[in-house]
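A.B. asks: The structure's right below; bear with me while I get my questions together.
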Amino acid sequence: MVKSKVLVVGGTGYIGRRLVRASLDQGHPTYILQRPEIGLDIDKLQTLLSFKRSGAHLIEGSFSDPRTLVDAVRQVDVVICAMSGVHFRSHNILMQLKLVEAIKEAGNVKRFLPSEFGTDPSRMGHAIEPGRVSFDDKMEVRKAIEEAKIPFTYISANCFGAYFVGNLSQLSSLTPPKDTVHLYGDGNVKAVFLDEDDITTYTIKTIDDPRTLNKTVYLRPPENILSQRQLVEMWEKLSGRTLEKISISAEDFLASMKGQGYAEQVGVGHFYHIFYEGCLTNFEIGEDGEEASQLYPEVQYTRMDEYLKIYA
């Protein structure tokens with residue numbers, strides 16, 4: 001089967017650069033949108049050039065010039081967007097509406113994967129403020145995609161390992177605590193944790209798969225469905241150190257938003273839904289969804305005890 005040509009938008013970002021690598025590794029002709037807005041950002045330019053050396057093609061295009069976006073998407077079969085949707089970095093989700101318009105006008109794209117890669121926004125209509133803006137914006141993009149009748153796949157990748165595993169899901173750090181760990185409630189609510197490289201491996205596998213067309217693909221590898229307490233126990237076994245555990249009630253956790261900045265409040269809201277409500281695991285996948293590890297059992301995904309070893 002001929003591999004689809006793939007355009008990655010946001011290819012120098014945290015997930016975007018992994019998507020580029022995964023696309024190249026799986027043999028797809030891979031294109032990256034090179035935006036003039038990078039200006040003098042030497043790190044982004046060097047990242048783009050390194051991908052070019054690896055066989056990727058750079059296509060110039062700008063969100064401030066719709067014609068260049070149309071010209072870019074006309075060169076490919078699949079468009080994957082990885083623009084940032086986290087508030088402590090940047091929040092550009094609604095910029096994708098311009099990309100939707102370009103794909104609609106071009107008329108040739110066989111599949112569009114918008115920037116999601118987290119919690120399924122269609123299940124978050126009850127989300128608390130201010131964090132619900134992330135889900136509302138993603139649903140606005142979905143609405144535009146579906147109204148334009150653009151073929152799609154939505155990726156629900158749950159918790160990125162670097163943001164949730166290495167720090168044992170502590171909000172204030174990206175590395176493991178040395179003495180004390182805060183547990184959300186009793187720490188027994190199940191979530192789903194993934195190595196970011198596995199996220200992008202699964203993502204690229206979906207793009208030519210008819211089983212994932214116009215569906216949400218949930219990344220729920222069974223051995224990575226874990227509670228926060230299980231993560232802590234894994235770390236204690238690896239490090240040989242027992243941590244003091246302090247439980248935070250749901251009420252106290254929500255109260256901690258008071259006086260924090262906007263981005264921090266968003267983070268607290270998202271953590272509340274994950275670790276108190278169990279929003280990643282408290283539902284069965286329906287007919288409009290598929291589970292990635294069942295579709296692609298050949299992927300040898302990273303278990304979280306292995307993921308944690310680099311921090312020991």
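Residues in the structure tokens are named by chain (A, B, ... in the order shown) and by number from 1 within that chain; ligands are numbered from 1 in the order shown.
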Contacts of range 231-237 of chain A at 10 Å or less, counting only C-alpha atoms, minus same-chain residues fewer than 3 places along, as number ranges by chain?

C.D. replies: A: 164-169, 176-177, 181-183, 187, 193, 224, 226-228, 240-243, 245, 304-306, 308-309, 311-312

A.B. asks: Within 12 Å of Ala250 in chain A, counting only C-alpha atoms, which residues show up once you throw out same-chain ones fewer than 3 positions away? Write them as a compact mmCIF listing (two decimals) with C-alpha atoms, in the first residue's frame, please.

C.D. replies:
```txt
# COMPACT_ATOMS: atom_id res chain seq x y z
CA LEU A 183 -1.95 12.23 46.89
CA TYR A 184 -5.21 13.32 45.31
CA GLY A 185 -7.81 11.91 47.65
CA ASP A 186 -6.81 8.33 48.45
CA GLY A 187 -4.66 8.19 45.32
CA SER A 247 -3.72 13.17 51.12
CA PHE A 253 -7.58 20.85 46.15
CA LEU A 254 -10.17 23.03 44.43
CA ALA A 255 -9.73 25.71 47.08
CA SER A 256 -6.02 25.86 46.18
CA MET A 257 -6.98 27.66 42.94
CA VAL A 268 -5.75 22.48 38.91
CA GLY A 269 -9.06 22.03 37.10
CA PHE A 271 -5.97 17.52 37.55
CA TYR A 272 -9.24 17.53 39.48
CA HIS A 273 -11.11 15.87 36.63
CA ILE A 274 -8.35 13.28 36.11
CA PHE A 275 -7.50 12.33 39.69
CA TYR A 276 -10.74 12.89 41.58
CA GLU A 277 -13.41 12.20 38.95
```

A.B. asks: Assign secondary structure with DSSP using the backbone only, and return the residues of range 144-302 of chain A in alpha helix (DSSP H) as a PDB file with C-alpha atoms, in the first residue's frame.

C.D. replies:
```
ATOM      1  CA  ALA A 144     -15.924  23.177  12.147  1.00  0.00           C
ATOM      2  CA  ILE A 145     -14.276  19.969  10.888  1.00  0.00           C
ATOM      3  CA  GLU A 146     -17.506  18.011  10.871  1.00  0.00           C
ATOM      4  CA  GLU A 147     -19.581  20.812   9.344  1.00  0.00           C
ATOM      5  CA  GLY A 161       4.586  10.672  30.875  1.00  0.00           C
ATOM      6  CA  ALA A 162       6.888  13.685  31.213  1.00  0.00           C
ATOM      7  CA  TYR A 163       4.138  15.803  32.734  1.00  0.00           C
ATOM      8  CA  PHE A 164       2.459  13.191  34.928  1.00  0.00           C
ATOM      9  CA  GLU A 196       5.170  10.452  24.315  1.00  0.00           C
ATOM     10  CA  ASP A 197       6.972   8.435  21.626  1.00  0.00           C
ATOM     11  CA  ASP A 198       4.305   5.739  21.936  1.00  0.00           C
ATOM     12  CA  ILE A 199       1.605   8.388  21.546  1.00  0.00           C
ATOM     13  CA  THR A 200       3.012   9.465  18.213  1.00  0.00           C
ATOM     14  CA  THR A 201       3.697   5.901  17.045  1.00  0.00           C
ATOM     15  CA  TYR A 202       0.045   5.025  17.591  1.00  0.00           C
ATOM     16  CA  THR A 203      -1.071   8.308  16.024  1.00  0.00           C
ATOM     17  CA  ILE A 204       0.774   7.738  12.750  1.00  0.00           C
ATOM     18  CA  LYS A 205      -0.558   4.185  12.550  1.00  0.00           C
ATOM     19  CA  THR A 206      -4.128   5.510  12.463  1.00  0.00           C
ATOM     20  CA  GLN A 228      -1.372   7.740  41.309  1.00  0.00           C
ATOM     21  CA  ARG A 229      -0.690   5.521  44.310  1.00  0.00           C
ATOM     22  CA  GLN A 230       0.575   2.772  41.999  1.00  0.00           C
ATOM     23  CA  LEU A 231       2.954   5.265  40.371  1.00  0.00           C
ATOM     24  CA  VAL A 232       4.275   6.237  43.800  1.00  0.00           C
ATOM     25  CA  GLU A 233       4.786   2.594  44.734  1.00  0.00           C
ATOM     26  CA  MET A 234       6.689   1.983  41.484  1.00  0.00           C
ATOM     27  CA  TRP A 235       8.959   4.913  42.269  1.00  0.00           C
ATOM     28  CA  GLU A 236       9.541   3.820  45.847  1.00  0.00           C
ATOM     29  CA  LYS A 237      10.579   0.378  44.611  1.00  0.00           C
ATOM     30  CA  LEU A 238      12.932   1.856  42.016  1.00  0.00           C
ATOM     31  CA  SER A 239      14.479   4.485  44.275  1.00  0.00           C
ATOM     32  CA  ALA A 250     -11.183  17.336  46.681  1.00  0.00           C
ATOM     33  CA  GLU A 251     -12.469  20.413  48.511  1.00  0.00           C
ATOM     34  CA  ASP A 252      -8.994  21.508  49.592  1.00  0.00           C
ATOM     35  CA  PHE A 253      -7.575  20.854  46.152  1.00  0.00           C
ATOM     36  CA  LEU A 254     -10.170  23.034  44.434  1.00  0.00           C
ATOM     37  CA  ALA A 255      -9.733  25.705  47.084  1.00  0.00           C
ATOM     38  CA  TYR A 262      -4.775  31.733  35.202  1.00  0.00           C
ATOM     39  CA  ALA A 263      -2.555  28.946  33.817  1.00  0.00           C
ATOM     40  CA  GLU A 264      -2.195  27.380  37.270  1.00  0.00           C
ATOM     41  CA  GLN A 265      -5.969  27.448  37.778  1.00  0.00           C
ATOM     42  CA  VAL A 266      -6.435  25.680  34.456  1.00  0.00           C
ATOM     43  CA  GLY A 267      -3.987  22.994  35.586  1.00  0.00           C
ATOM     44  CA  VAL A 268      -5.755  22.480  38.909  1.00  0.00           C
ATOM     45  CA  GLY A 269      -9.064  22.029  37.104  1.00  0.00           C
ATOM     46  CA  HIS A 270      -7.644  19.434  34.729  1.00  0.00           C
ATOM     47  CA  PHE A 271      -5.968  17.516  37.555  1.00  0.00           C
ATOM     48  CA  TYR A 272      -9.245  17.532  39.482  1.00  0.00           C
ATOM     49  CA  ALA A 292      -5.140   1.891  20.043  1.00  0.00           C
ATOM     50  CA  SER A 293      -3.388  -1.025  21.737  1.00  0.00           C
ATOM     51  CA  GLN A 294      -6.124  -3.379  20.524  1.00  0.00           C
ATOM     52  CA  LEU A 295      -5.853  -2.065  16.968  1.00  0.00           C
TER      53      LEU A 295
END
```

A.B. asks: With only C-alpha atoms as the counted atoms, please give the residues lying no more than 10 Å from Glu37 in chain A, apart from itself and same-chain residues fewer than 2 positions off, as a list in words.

C.D. replies: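 Those residues are Gln34, Arg35, Gly39, Leu40, Asp41, Gly61, Ser62, Phe63 and Ser64 of chain A.
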
A.B. asks: Do you have the CA of Phe160 in chain A-CA of Glu129 in chain A distance handy?

C.D. replies: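 One can read the CA of Phe160 in chain A to CA of Glu129 in chain A distance as 22.3 Å.
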
A.B. asks: List the spatial neighbours of Thr30 in chain A as a PDB file with all heavy atoms, in the first residue's frame - criterion: any atom at most 9 Å away, only C-alpha atoms, same-chain residues fewer than 2 positions off excluded.

C.D. replies:
```pdb
ATOM      1  N   SER A   4       0.508   7.407   2.756  1.00  0.00           N
ATOM      2  CA  SER A   4       0.004   8.766   2.596  1.00  0.00           C
ATOM      3  C   SER A   4       1.103   9.790   2.845  1.00  0.00           C
ATOM      4  O   SER A   4       1.988   9.589   3.680  1.00  0.00           O
ATOM      5  CB  SER A   4      -1.142   9.025   3.565  1.00  0.00           C
ATOM      6  OG  SER A   4      -2.289   8.315   3.189  1.00  0.00           O
ATOM      7  N   LYS A   5       1.011  10.895   2.113  1.00  0.00           N
ATOM      8  CA  LYS A   5       1.871  12.044   2.378  1.00  0.00           C
ATOM      9  C   LYS A   5       1.303  12.798   3.572  1.00  0.00           C
ATOM     10  O   LYS A   5       0.110  13.103   3.608  1.00  0.00           O
ATOM     11  CB  LYS A   5       1.927  12.966   1.164  1.00  0.00           C
ATOM     12  CG  LYS A   5       2.552  12.337  -0.074  1.00  0.00           C
ATOM     13  CD  LYS A   5       2.525  13.318  -1.244  1.00  0.00           C
ATOM     14  CE  LYS A   5       3.122  12.710  -2.484  1.00  0.00           C
ATOM     15  NZ  LYS A   5       3.067  13.653  -3.638  1.00  0.00           N
ATOM     16  N   VAL A   6       2.177  13.111   4.528  1.00  0.00           N
ATOM     17  CA  VAL A   6       1.745  13.691   5.798  1.00  0.00           C
ATOM     18  C   VAL A   6       2.329  15.087   5.977  1.00  0.00           C
ATOM     19  O   VAL A   6       3.538  15.279   5.817  1.00  0.00           O
ATOM     20  CB  VAL A   6       2.190  12.807   6.981  1.00  0.00           C
ATOM     21  CG1 VAL A   6       1.774  13.431   8.309  1.00  0.00           C
ATOM     22  CG2 VAL A   6       1.603  11.407   6.845  1.00  0.00           C
ATOM     23  N   LEU A   7       1.461  16.048   6.319  1.00  0.00           N
ATOM     24  CA  LEU A   7       1.915  17.381   6.711  1.00  0.00           C
ATOM     25  C   LEU A   7       1.716  17.549   8.209  1.00  0.00           C
ATOM     26  O   LEU A   7       0.597  17.382   8.713  1.00  0.00           O
ATOM     27  CB  LEU A   7       1.119  18.460   5.971  1.00  0.00           C
ATOM     28  CG  LEU A   7       1.368  19.910   6.429  1.00  0.00           C
ATOM     29  CD1 LEU A   7       2.795  20.344   6.133  1.00  0.00           C
ATOM     30  CD2 LEU A   7       0.363  20.870   5.772  1.00  0.00           C
ATOM     31  N   VAL A   8       2.794  17.856   8.918  1.00  0.00           N
ATOM     32  CA  VAL A   8       2.717  18.134  10.349  1.00  0.00           C
ATOM     33  C   VAL A   8       2.773  19.644  10.556  1.00  0.00           C
ATOM     34  O   VAL A   8       3.720  20.302  10.111  1.00  0.00           O
ATOM     35  CB  VAL A   8       3.852  17.443  11.136  1.00  0.00           C
ATOM     36  CG1 VAL A   8       3.752  17.788  12.624  1.00  0.00           C
ATOM     37  CG2 VAL A   8       3.794  15.929  10.935  1.00  0.00           C
ATOM     38  N   VAL A  20       6.756  14.042  13.663  1.00  0.00           N
ATOM     39  CA  VAL A  20       7.603  14.041  12.468  1.00  0.00           C
ATOM     40  C   VAL A  20       8.480  12.801  12.451  1.00  0.00           C
ATOM     41  O   VAL A  20       8.571  12.091  11.433  1.00  0.00           O
ATOM     42  CB  VAL A  20       8.459  15.321  12.397  1.00  0.00           C
ATOM     43  CG1 VAL A  20       9.460  15.226  11.250  1.00  0.00           C
ATOM     44  CG2 VAL A  20       7.578  16.552  12.234  1.00  0.00           C
ATOM     45  N   SER A  23       6.403   9.674  11.763  1.00  0.00           N
ATOM     46  CA  SER A  23       5.979   9.615  10.365  1.00  0.00           C
ATOM     47  C   SER A  23       7.124   9.160   9.470  1.00  0.00           C
ATOM     48  O   SER A  23       6.951   8.295   8.596  1.00  0.00           O
ATOM     49  CB  SER A  23       5.461  10.996   9.930  1.00  0.00           C
ATOM     50  OG  SER A  23       5.041  10.985   8.589  1.00  0.00           O
ATOM     51  N   LEU A  24       8.310   9.722   9.677  1.00  0.00           N
ATOM     52  CA  LEU A  24       9.482   9.298   8.906  1.00  0.00           C
ATOM     53  C   LEU A  24       9.817   7.840   9.184  1.00  0.00           C
ATOM     54  O   LEU A  24      10.087   7.064   8.246  1.00  0.00           O
ATOM     55  CB  LEU A  24      10.683  10.180   9.244  1.00  0.00           C
ATOM     56  CG  LEU A  24      10.637  11.630   8.743  1.00  0.00           C
ATOM     57  CD1 LEU A  24      11.745  12.449   9.397  1.00  0.00           C
ATOM     58  CD2 LEU A  24      10.759  11.690   7.214  1.00  0.00           C
ATOM     59  N   GLY A  27       7.750   5.406   7.325  1.00  0.00           N
ATOM     60  CA  GLY A  27       7.886   5.414   5.882  1.00  0.00           C
ATOM     61  C   GLY A  27       6.985   6.353   5.120  1.00  0.00           C
ATOM     62  O   GLY A  27       6.835   6.216   3.893  1.00  0.00           O
ATOM     63  N   HIS A  28       6.388   7.319   5.799  1.00  0.00           N
ATOM     64  CA  HIS A  28       5.523   8.271   5.111  1.00  0.00           C
ATOM     65  C   HIS A  28       6.337   9.426   4.528  1.00  0.00           C
ATOM     66  O   HIS A  28       7.232   9.959   5.216  1.00  0.00           O
ATOM     67  CB  HIS A  28       4.489   8.848   6.082  1.00  0.00           C
ATOM     68  CG  HIS A  28       3.448   7.868   6.507  1.00  0.00           C
ATOM     69  ND1 HIS A  28       2.296   7.648   5.792  1.00  0.00           N
ATOM     70  CD2 HIS A  28       3.405   7.032   7.584  1.00  0.00           C
ATOM     71  CE1 HIS A  28       1.565   6.726   6.410  1.00  0.00           C
ATOM     72  NE2 HIS A  28       2.219   6.330   7.497  1.00  0.00           N
ATOM     73  N   ILE A  32       6.656  19.342   6.697  1.00  0.00           N
ATOM     74  CA  ILE A  32       6.497  20.163   7.901  1.00  0.00           C
ATOM     75  C   ILE A  32       6.212  21.585   7.464  1.00  0.00           C
ATOM     76  O   ILE A  32       6.904  22.122   6.587  1.00  0.00           O
ATOM     77  CB  ILE A  32       7.765  20.146   8.775  1.00  0.00           C
ATOM     78  CG1 ILE A  32       8.272  18.723   9.008  1.00  0.00           C
ATOM     79  CG2 ILE A  32       7.482  20.827  10.131  1.00  0.00           C
ATOM     80  CD1 ILE A  32       9.662  18.668   9.595  1.00  0.00           C
ATOM     81  N   GLY A  55      15.165  13.593   5.743  1.00  0.00           N
ATOM     82  CA  GLY A  55      14.291  13.248   4.626  1.00  0.00           C
ATOM     83  C   GLY A  55      12.957  13.963   4.594  1.00  0.00           C
ATOM     84  O   GLY A  55      12.166  13.752   3.664  1.00  0.00           O
ATOM     85  N   ALA A  56      12.667  14.794   5.582  1.00  0.00           N
ATOM     86  CA  ALA A  56      11.408  15.541   5.583  1.00  0.00           C
ATOM     87  C   ALA A  56      11.496  16.709   4.607  1.00  0.00           C
ATOM     88  O   ALA A  56      12.579  17.187   4.261  1.00  0.00           O
ATOM     89  CB  ALA A  56      11.099  16.053   6.985  1.00  0.00           C
ATOM     90  N   HIS A  57      10.338  17.162   4.165  1.00  0.00           N
ATOM     91  CA  HIS A  57      10.245  18.303   3.259  1.00  0.00           C
ATOM     92  C   HIS A  57       9.660  19.492   4.019  1.00  0.00           C
ATOM     93  O   HIS A  57       8.694  19.334   4.781  1.00  0.00           O
ATOM     94  CB  HIS A  57       9.345  17.975   2.074  1.00  0.00           C
ATOM     95  CG  HIS A  57       9.700  16.704   1.368  1.00  0.00           C
ATOM     96  ND1 HIS A  57      10.657  16.648   0.371  1.00  0.00           N
ATOM     97  CD2 HIS A  57       9.241  15.434   1.526  1.00  0.00           C
ATOM     98  CE1 HIS A  57      10.774  15.405  -0.055  1.00  0.00           C
ATOM     99  NE2 HIS A  57       9.920  14.644   0.624  1.00  0.00           N
ATOM    100  N   LEU A  58      10.225  20.665   3.813  1.00  0.00           N
ATOM    101  CA  LEU A  58       9.730  21.872   4.459  1.00  0.00           C
ATOM    102  C   LEU A  58       8.868  22.644   3.481  1.00  0.00           C
ATOM    103  O   LEU A  58       9.248  22.857   2.336  1.00  0.00           O
ATOM    104  CB  LEU A  58      10.892  22.745   4.939  1.00  0.00           C
ATOM    105  CG  LEU A  58      11.931  22.065   5.844  1.00  0.00           C
ATOM    106  CD1 LEU A  58      12.981  23.087   6.279  1.00  0.00           C
ATOM    107  CD2 LEU A  58      11.275  21.416   7.049  1.00  0.00           C
ATOM    108  N   VAL A  76      -0.413  17.305   0.118  1.00  0.00           N
ATOM    109  CA  VAL A  76      -0.379  16.125   0.981  1.00  0.00           C
ATOM    110  C   VAL A  76      -1.742  15.429   1.026  1.00  0.00           C
ATOM    111  O   VAL A  76      -2.744  15.931   0.501  1.00  0.00           O
ATOM    112  CB  VAL A  76       0.060  16.497   2.414  1.00  0.00           C
ATOM    113  CG1 VAL A  76       1.456  17.105   2.410  1.00  0.00           C
ATOM    114  CG2 VAL A  76      -0.941  17.442   3.072  1.00  0.00           C
TER     115      VAL A  76
END
```

A.B. asks: I'd like the interatomic distance between CA of Gly125 in chain A and CA of Asn282 in chain A, to a tenth of an Å.

C.D. replies: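 One can read the CA of Gly125 in chain A to CA of Asn282 in chain A distance as 14.9 Å.
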
A.B. asks: Would you kindly return, as JSON, numbers by chain, each protein, DNA or RNA residue with an atom no farther than 8 Å from any atom of Ala72 in chain A, considering only C-alpha atoms and excluding same-chain residues fewer than 6 positions away?

C.D. replies: {"A": [33, 59, 60, 61]}

A.B. asks: Which residue out of A:Asp71, A:Glu298, A:Glu290, A:Asp43 has the minimum interatomic distance to Glu105 in chain A when only C-alpha atoms are used?

C.D. replies: A:Asp71

A.B. asks: Determine, counting only C-alpha atoms, which protein, DNA and RNA residues have an atom within 8 Å of an atom of range 114-119 of chain A; residues of the same chain fewer than 6 positions away are not included. Present the result as a PyMOL selection string.

C.D. replies: chain A and resi 80-85+93+96+138+141+153-159+279-280

A.B. asks: If DSSP is run on the backbone, what residues of range 131-279 of chain A are strand (DSSP E)? A reply as a ChimeraX atom specification would be ideal.

C.D. replies: /A:153-156,159-160,180-184,190-194,215-218,225-227,244-248

A.B. asks: So how many Å separate CA of Glu223 in chain A and CA of Arg303 in chain A, to one decimal?

C.D. replies: 6.7 Å

A.B. asks: Using only C-alpha atoms, which of A:Val100, A:Arg111, A:Val133, A:Asp120 sits nearest Ala148 in chain A?

C.D. replies: A:Val100

A.B. asks: Rank nothing, just name the residue among A:Leu213, A:Ile207, A:Pro221, A:Leu174 nearest to Val192 in chain A, using only C-alpha atoms.

C.D. replies: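 Of A:Leu213, A:Ile207, A:Pro221, A:Leu174, the one nearest Val192 in chain A is A:Pro221, counting only C-alpha atoms.
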